[in-house]
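> Following this line is work-v3.csv, made up of CSV, N, CA, C and O atoms:
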```
chain,number,residue,atom,x,y,z
A,1,MET,N,125.0,80.1,110.3
A,1,MET,CA,124.5,78.7,110.6
A,1,MET,C,124.7,78.5,112.0
A,1,MET,O,125.8,78.7,112.6
A,2,ASN,N,123.7,77.9,112.7
A,2,ASN,CA,123.8,77.7,114.1
A,2,ASN,C,124.0,76.2,114.4
A,2,ASN,O,123.4,75.3,113.7
A,3,PHE,N,124.8,75.9,115.4
A,3,PHE,CA,125.2,74.6,115.8
A,3,PHE,C,124.6,74.3,117.1
A,3,PHE,O,124.7,75.1,118.0
A,4,TYR,N,124.0,73.1,117.3
A,4,TYR,CA,123.4,72.7,118.5
A,4,TYR,C,123.9,71.2,118.8
A,4,TYR,O,124.1,70.5,117.8
A,5,THR,N,124.0,70.9,120.0
A,5,THR,CA,124.3,69.5,120.4
A,5,THR,C,123.1,68.6,120.4
A,5,THR,O,122.0,69.1,120.4
A,6,ALA,N,123.3,67.3,120.3
A,6,ALA,CA,122.2,66.4,120.4
A,6,ALA,C,121.4,66.6,121.7
A,6,ALA,O,120.2,66.5,121.7
A,7,ARG,N,122.1,66.9,122.8
A,7,ARG,CA,121.5,67.1,124.1
A,7,ARG,C,120.6,68.4,124.0
A,7,ARG,O,119.5,68.4,124.6
A,8,ASP,N,121.0,69.4,123.2
A,8,ASP,CA,120.2,70.6,123.1
A,8,ASP,C,118.8,70.3,122.5
A,8,ASP,O,117.8,71.0,122.8
A,9,LEU,N,118.7,69.2,121.7
A,9,LEU,CA,117.4,68.8,121.2
A,9,LEU,C,116.4,68.6,122.3
A,9,LEU,O,115.2,68.9,122.2
A,10,ARG,N,116.9,68.1,123.5
A,10,ARG,CA,116.0,67.8,124.6
A,10,ARG,C,115.9,69.0,125.5
A,10,ARG,O,114.8,69.2,126.1
A,11,THR,N,117.0,69.7,125.7
A,11,THR,CA,117.0,70.8,126.7
A,11,THR,C,116.5,72.1,126.3
A,11,THR,O,115.9,72.9,127.0
A,12,ILE,N,116.8,72.5,125.0
A,12,ILE,CA,116.4,73.8,124.5
A,12,ILE,C,115.8,73.7,123.1
A,12,ILE,O,116.2,74.4,122.2
A,13,PRO,N,114.8,72.9,123.0
A,13,PRO,CA,114.2,72.7,121.6
A,13,PRO,C,113.6,74.0,121.1
A,13,PRO,O,113.7,74.2,119.8
A,14,LYS,N,113.1,74.9,121.9
A,14,LYS,CA,112.5,76.1,121.4
A,14,LYS,C,113.5,77.0,120.7
A,14,LYS,O,113.2,77.6,119.6
A,15,SER,N,114.7,77.1,121.2
A,15,SER,CA,115.8,77.8,120.6
A,15,SER,C,116.1,77.3,119.2
A,15,SER,O,116.3,78.0,118.2
A,16,ILE,N,116.1,76.0,119.1
A,16,ILE,CA,116.5,75.3,117.9
A,16,ILE,C,115.4,75.6,116.8
A,16,ILE,O,115.7,76.0,115.7
A,17,TRP,N,114.1,75.5,117.2
A,17,TRP,CA,113.0,75.7,116.3
A,17,TRP,C,113.0,77.2,115.9
A,17,TRP,O,112.7,77.5,114.7
A,18,ASN,N,113.3,78.1,116.8
A,18,ASN,CA,113.3,79.5,116.5
A,18,ASN,C,114.4,79.8,115.4
A,18,ASN,O,114.2,80.5,114.5
A,19,ASP,N,115.6,79.3,115.7
A,19,ASP,CA,116.7,79.5,114.7
A,19,ASP,C,116.4,78.8,113.4
A,19,ASP,O,116.8,79.3,112.3
A,20,LEU,N,115.8,77.6,113.4
A,20,LEU,CA,115.4,76.9,112.2
A,20,LEU,C,114.5,77.8,111.4
A,20,LEU,O,114.6,77.9,110.2
A,21,SER,N,113.5,78.4,112.0
A,21,SER,CA,112.5,79.2,111.4
A,21,SER,C,113.2,80.5,110.8
A,21,SER,O,112.9,80.9,109.7
A,22,ALA,N,114.1,81.0,111.5
A,22,ALA,CA,114.8,82.3,111.1
A,22,ALA,C,115.8,82.1,110.0
A,22,ALA,O,115.9,82.8,109.1
A,23,ASP,N,116.6,81.0,110.2
A,23,ASP,CA,117.7,80.8,109.2
A,23,ASP,C,117.5,79.7,108.2
A,23,ASP,O,118.3,79.7,107.2
A,24,GLY,N,116.5,78.9,108.4
A,24,GLY,CA,116.3,77.8,107.4
A,24,GLY,C,117.0,76.6,107.6
A,24,GLY,O,116.7,75.5,107.0
A,25,GLU,N,118.1,76.6,108.4
A,25,GLU,CA,118.8,75.4,108.7
A,25,GLU,C,119.6,75.4,110.0
A,25,GLU,O,120.0,76.5,110.4
A,26,VAL,N,119.8,74.3,110.6
A,26,VAL,CA,120.5,74.2,111.9
A,26,VAL,C,121.3,72.9,111.8
A,26,VAL,O,120.9,71.9,111.3
A,27,ILE,N,122.5,72.9,112.3
A,27,ILE,CA,123.4,71.7,112.4
A,27,ILE,C,123.3,71.1,113.8
A,27,ILE,O,123.4,71.9,114.8
A,28,ILE,N,123.2,69.8,113.8
A,28,ILE,CA,123.2,69.1,115.1
A,28,ILE,C,124.5,68.4,115.2
A,28,ILE,O,125.0,67.7,114.3
A,29,THR,N,125.2,68.5,116.3
A,29,THR,CA,126.5,67.9,116.6
A,29,THR,C,126.4,66.8,117.6
A,29,THR,O,125.5,66.8,118.4
A,30,ASN,N,127.3,65.8,117.5
A,30,ASN,CA,127.4,64.7,118.5
A,30,ASN,C,128.8,64.5,118.8
A,30,ASN,O,129.6,64.3,117.8
A,31,ASN,N,129.2,64.7,120.0
A,31,ASN,CA,130.6,64.6,120.4
A,31,ASN,C,131.5,65.6,119.7
A,31,ASN,O,132.6,65.3,119.2
A,32,GLY,N,130.9,66.8,119.4
A,32,GLY,CA,131.7,67.8,118.8
A,32,GLY,C,131.8,67.8,117.3
A,32,GLY,O,132.4,68.6,116.7
A,33,LYS,N,131.1,66.7,116.7
A,33,LYS,CA,131.2,66.6,115.2
A,33,LYS,C,129.8,66.8,114.6
A,33,LYS,O,128.8,66.3,115.2
A,34,PRO,N,129.7,67.4,113.5
A,34,PRO,CA,128.4,67.6,112.8
A,34,PRO,C,127.9,66.2,112.4
A,34,PRO,O,128.6,65.4,111.8
A,35,THR,N,126.6,66.0,112.8
A,35,THR,CA,126.0,64.7,112.4
A,35,THR,C,124.7,64.8,111.7
A,35,THR,O,124.2,63.8,111.1
A,36,ALA,N,124.1,66.0,111.8
A,36,ALA,CA,122.7,66.1,111.1
A,36,ALA,C,122.5,67.6,110.7
A,36,ALA,O,123.0,68.5,111.3
A,37,LEU,N,121.8,67.7,109.6
A,37,LEU,CA,121.4,69.0,109.1
A,37,LEU,C,119.9,69.0,109.2
A,37,LEU,O,119.2,68.2,108.6
A,38,MET,N,119.3,70.0,109.9
A,38,MET,CA,117.9,70.2,110.0
A,38,MET,C,117.6,71.3,109.0
A,38,MET,O,118.2,72.4,109.1
A,39,MET,N,116.6,71.1,108.1
A,39,MET,CA,116.3,72.1,107.1
A,39,MET,C,114.8,72.4,107.3
A,39,MET,O,114.0,71.5,107.4
A,40,GLY,N,114.5,73.7,107.2
A,40,GLY,CA,113.1,74.1,107.2
A,40,GLY,C,112.4,73.7,105.8
A,40,GLY,O,113.0,74.0,104.8
A,41,ILE,N,111.3,73.1,105.9
A,41,ILE,CA,110.5,72.8,104.7
A,41,ILE,C,109.1,73.1,104.9
A,41,ILE,O,108.6,73.2,106.0
A,42,SER,N,108.3,73.1,103.8
A,42,SER,CA,106.9,73.3,103.9
A,42,SER,C,106.2,72.2,103.1
A,42,SER,O,106.9,71.5,102.3
A,43,GLU,N,104.9,72.1,103.2
A,43,GLU,CA,104.2,71.1,102.4
A,43,GLU,C,104.3,71.4,100.9
A,43,GLU,O,104.4,70.4,100.1
A,44,ASP,N,104.5,72.6,100.6
A,44,ASP,CA,104.6,73.0,99.2
A,44,ASP,C,105.8,72.6,98.5
A,44,ASP,O,105.9,72.3,97.3
A,45,ASN,N,106.9,72.5,99.3
A,45,ASN,CA,108.2,72.2,98.7
A,45,ASN,C,108.8,70.9,99.2
A,45,ASN,O,110.0,70.5,98.9
A,46,PHE,N,108.0,70.1,100.0
A,46,PHE,CA,108.5,68.9,100.6
A,46,PHE,C,109.1,67.9,99.6
A,46,PHE,O,110.3,67.5,99.7
A,47,ASP,N,108.4,67.6,98.5
A,47,ASP,CA,108.9,66.6,97.5
A,47,ASP,C,110.1,67.1,96.8
A,47,ASP,O,111.1,66.3,96.6
A,48,GLU,N,110.1,68.4,96.5
A,48,GLU,CA,111.3,68.9,95.8
A,48,GLU,C,112.5,68.9,96.7
A,48,GLU,O,113.6,68.6,96.2
A,49,ILE,N,112.4,69.3,97.9
A,49,ILE,CA,113.5,69.3,98.9
A,49,ILE,C,114.0,67.9,99.1
A,49,ILE,O,115.2,67.6,99.0
A,50,VAL,N,113.2,66.9,99.3
A,50,VAL,CA,113.6,65.5,99.5
A,50,VAL,C,114.4,65.0,98.2
A,50,VAL,O,115.4,64.4,98.3
A,51,LYS,N,113.8,65.3,97.0
A,51,LYS,CA,114.5,64.9,95.8
A,51,LYS,C,115.8,65.5,95.7
A,51,LYS,O,116.8,64.9,95.3
A,52,THR,N,115.9,66.8,96.0
A,52,THR,CA,117.2,67.5,95.8
A,52,THR,C,118.2,67.0,96.8
A,52,THR,O,119.4,66.8,96.5
A,53,VAL,N,117.8,66.7,98.0
A,53,VAL,CA,118.8,66.2,99.0
A,53,VAL,C,119.2,64.8,98.6
A,53,VAL,O,120.4,64.5,98.7
A,54,ARG,N,118.4,64.0,98.1
A,54,ARG,CA,118.8,62.7,97.6
A,54,ARG,C,119.7,62.8,96.5
A,54,ARG,O,120.7,62.0,96.4
A,55,GLN,N,119.5,63.7,95.6
A,55,GLN,CA,120.4,63.9,94.4
A,55,GLN,C,121.8,64.3,94.9
A,55,GLN,O,122.8,63.9,94.4
A,56,ALA,N,121.8,65.2,95.9
A,56,ALA,CA,123.1,65.7,96.5
A,56,ALA,C,123.8,64.6,97.1
A,56,ALA,O,125.0,64.4,96.9
A,57,LYS,N,123.1,63.7,97.9
A,57,LYS,CA,123.7,62.6,98.5
A,57,LYS,C,124.3,61.6,97.5
A,57,LYS,O,125.4,61.1,97.7
A,58,ALA,N,123.6,61.4,96.4
A,58,ALA,CA,124.0,60.5,95.4
A,58,ALA,C,125.3,61.1,94.7
A,58,ALA,O,126.2,60.3,94.4
A,59,MET,N,125.3,62.4,94.5
A,59,MET,CA,126.4,63.0,93.8
A,59,MET,C,127.7,62.9,94.8
A,59,MET,O,128.8,62.6,94.3
A,60,ILE,N,127.5,63.1,96.0
A,60,ILE,CA,128.6,62.9,97.0
A,60,ILE,C,129.1,61.5,96.9
A,60,ILE,O,130.4,61.3,96.9
A,61,ALA,N,128.2,60.5,96.9
A,61,ALA,CA,128.7,59.1,96.9
A,61,ALA,C,129.4,58.8,95.5
A,61,ALA,O,130.4,58.2,95.5
A,62,PHE,N,128.9,59.4,94.4
A,62,PHE,CA,129.5,59.2,93.1
A,62,PHE,C,130.9,59.8,93.1
A,62,PHE,O,131.9,59.1,92.7
A,63,ASN,N,131.1,61.0,93.6
A,63,ASN,CA,132.4,61.6,93.7
A,63,ASN,C,133.3,60.9,94.6
A,63,ASN,O,134.5,60.7,94.2
A,64,SER,N,132.8,60.3,95.6
A,64,SER,CA,133.7,59.5,96.5
A,64,SER,C,134.2,58.3,95.8
A,64,SER,O,135.4,57.9,95.9
A,65,MET,N,133.3,57.6,95.0
A,65,MET,CA,133.7,56.4,94.3
A,65,MET,C,134.7,56.8,93.2
A,65,MET,O,135.7,56.0,93.0
A,66,ARG,N,134.5,57.9,92.5
A,66,ARG,CA,135.5,58.4,91.5
A,66,ARG,C,136.9,58.6,92.1
A,66,ARG,O,137.9,58.2,91.6
A,67,LEU,N,136.9,59.2,93.3
A,67,LEU,CA,138.2,59.5,94.0
A,67,LEU,C,138.9,58.2,94.4
A,67,LEU,O,140.1,58.0,94.2
A,68,LYS,N,138.1,57.2,94.9
A,68,LYS,CA,138.6,55.9,95.3
A,68,LYS,C,139.1,55.2,94.0
A,68,LYS,O,140.2,54.6,94.1
A,69,ALA,N,138.4,55.2,92.9
A,69,ALA,CA,138.8,54.6,91.7
A,69,ALA,C,140.1,55.2,91.2
A,69,ALA,O,141.0,54.5,90.7
A,70,ALA,N,140.2,56.5,91.3
A,70,ALA,CA,141.4,57.2,90.8
A,70,ALA,C,142.6,56.8,91.6
A,70,ALA,O,143.7,56.6,91.1
A,71,LYS,N,142.5,56.6,92.9
A,71,LYS,CA,143.6,56.2,93.8
A,71,LYS,C,144.0,54.8,93.5
A,71,LYS,O,145.2,54.4,93.5
A,72,GLN,N,143.0,53.9,93.1
A,72,GLN,CA,143.3,52.5,92.9
A,72,GLN,C,143.8,52.2,91.4
A,72,GLN,O,144.3,51.2,91.1
A,73,GLY,N,143.5,53.2,90.6
A,73,GLY,CA,143.9,53.1,89.2
A,73,GLY,C,142.7,52.7,88.3
A,73,GLY,O,141.9,51.9,88.7
A,74,PHE,N,142.6,53.3,87.2
A,74,PHE,CA,141.5,53.1,86.3
A,74,PHE,C,141.8,51.9,85.4
A,74,PHE,O,142.9,51.5,85.2
A,75,MET,N,140.7,51.3,84.9
A,75,MET,CA,140.9,50.2,83.9
A,75,MET,C,141.1,50.8,82.5
A,75,MET,O,140.5,51.9,82.2
A,76,SER,N,141.9,50.2,81.8
A,76,SER,CA,142.1,50.7,80.4
A,76,SER,C,140.9,50.3,79.5
A,76,SER,O,140.1,49.4,79.9
A,77,ASP,N,140.8,50.9,78.4
A,77,ASP,CA,139.7,50.6,77.5
A,77,ASP,C,139.7,49.1,77.1
A,77,ASP,O,138.7,48.4,77.0
A,78,GLU,N,140.9,48.5,76.9
A,78,GLU,CA,141.0,47.1,76.6
A,78,GLU,C,140.5,46.2,77.7
A,78,GLU,O,139.9,45.2,77.5
A,79,GLU,N,140.9,46.6,78.9
A,79,GLU,CA,140.4,45.8,80.1
A,79,GLU,C,138.9,45.9,80.2
A,79,GLU,O,138.3,44.8,80.5
A,80,ILE,N,138.3,47.0,79.9
A,80,ILE,CA,136.8,47.1,80.0
A,80,ILE,C,136.2,46.3,78.9
A,80,ILE,O,135.3,45.5,79.2
A,81,GLU,N,136.7,46.3,77.7
A,81,GLU,CA,136.2,45.5,76.6
A,81,GLU,C,136.4,44.0,76.9
A,81,GLU,O,135.5,43.2,76.6
A,82,ALA,N,137.5,43.6,77.5
A,82,ALA,CA,137.7,42.2,77.9
A,82,ALA,C,136.6,41.8,79.0
A,82,ALA,O,136.1,40.7,78.9
A,83,GLU,N,136.4,42.6,79.9
A,83,GLU,CA,135.3,42.3,80.9
A,83,GLU,C,134.0,42.2,80.3
A,83,GLU,O,133.2,41.2,80.6
A,84,ILE,N,133.6,43.1,79.4
A,84,ILE,CA,132.3,43.0,78.7
A,84,ILE,C,132.3,41.7,77.9
A,84,ILE,O,131.2,41.0,77.9
A,85,ALA,N,133.3,41.4,77.1
A,85,ALA,CA,133.3,40.2,76.3
A,85,ALA,C,133.2,38.9,77.2
A,85,ALA,O,132.5,38.0,76.8
A,86,ALA,N,133.9,38.9,78.3
A,86,ALA,CA,133.8,37.7,79.2
A,86,ALA,C,132.4,37.6,79.8
A,86,ALA,O,131.9,36.4,79.8
A,87,TYR,N,131.8,38.6,80.1
A,87,TYR,CA,130.4,38.6,80.6
A,87,TYR,C,129.5,38.1,79.6
A,87,TYR,O,128.6,37.2,79.8
A,88,ARG,N,129.6,38.6,78.3
A,88,ARG,CA,128.7,38.2,77.2
A,88,ARG,C,128.9,36.7,76.9
A,88,ARG,O,128.0,36.0,76.6
A,89,GLU,N,130.2,36.3,76.9
A,89,GLU,CA,130.5,34.9,76.7
A,89,GLU,C,129.8,34.0,77.8
A,89,GLU,O,129.2,32.9,77.5
A,90,GLU,N,129.9,34.4,79.0
A,90,GLU,CA,129.4,33.7,80.1
A,90,GLU,C,127.9,33.6,80.0
A,90,GLU,O,127.3,32.5,80.3
A,91,LYS,N,127.2,34.6,79.5
A,91,LYS,CA,125.8,34.7,79.4
A,91,LYS,C,125.3,34.1,78.1
A,91,LYS,O,124.1,34.0,77.9
A,92,GLY,N,126.2,33.8,77.2
A,92,GLY,CA,125.9,33.2,75.9
A,92,GLY,C,125.3,34.2,74.9
A,92,GLY,O,124.5,33.9,74.1
A,93,GLU,N,125.7,35.4,75.0
A,93,GLU,CA,125.2,36.5,74.1
A,93,GLU,C,126.1,36.6,72.9
A,93,GLU,O,127.2,36.3,72.8
```
Is it possible to give me this structure as structure tokens?

Amino acid sequence: MNFYTARDLRTIPKSIWNDLSADGEVIITNNGKPTALMMGISEDNFDEIVKTVRQAKAMIAFNSMRLKAAKQGFMSDEEIEAEIAAYREEKGE
């Protein structure tokens, strides 16, 4: 995997495009930290790639929420049922 700086996008774009074509992906860094992933795609797989990337991002967000919830403590079954009952009562269900 090849890494390029944000400045490289302006100064040596041909190298980036060549590596992208050859390897299928390139990482762009900003201030020494990875900030973007460039992936080679075609018209044939555009929709599938976008869908897959969105699913991966959603899974990362979900896992992050699970870790955060685990650190803060989970609700018991009784607490969950109480929340549901309170909501239903409030809505008149």
> Mind pulling up the distance from atom CA of A:Asn18 to atom CA of A:Phe3?
12.9 Å
> Out of A:Ala6, A:Ile41, A:Lys68, A:Glu90, which residue has the shortest atom-to-atom distance to A:Leu20 when counting all atoms listed in the file?
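Closest to A:Leu20 of all the choices is A:Ile41.
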> Between atom C of A:Glu25 and atom CA of A:Ala61, what is the spacing in Å?
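Atom C of A:Glu25 lies at a distance of 22.8 Å from atom CA of A:Ala61.
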> Interatomic distance between atom CA of A:Ala82 and atom C of A:Ala69?
18.8 Å
> Of the candidates A:Thr52, A:Asp47, A:Thr5, A:Glu81, which shows the shortest atom-to-atom distance to A:Asn30, using all atoms listed in the file?
A:Thr5
> Determine the nearest neighbour of A:Gly40 from the options A:Gln55, A:Ser76, A:Tyr87, A:Ser21, counting all atoms listed in the file.
A:Ser21
> Return as a ChimeraX atom specification the full set of residues in chain A whose backbone-based DSSP assignment is strand (DSSP E).
/A:2-5,25-30,33-39
> To test your reading of the structure, identify every residue in chain A that backbone DSSP assigns to helix (DSSP H, G or I), and report it as a ChimeraX atom specification.
/A:8-11,13-23,46-72,77-91
> Tell me, as a PyMOL selection string, which residues lie within 8 Å of A:Met1, counting all atoms listed in the file; anything in the same chain fewer than 2 positions away does not count.
chain A and resi 3-4+19+23+25-27
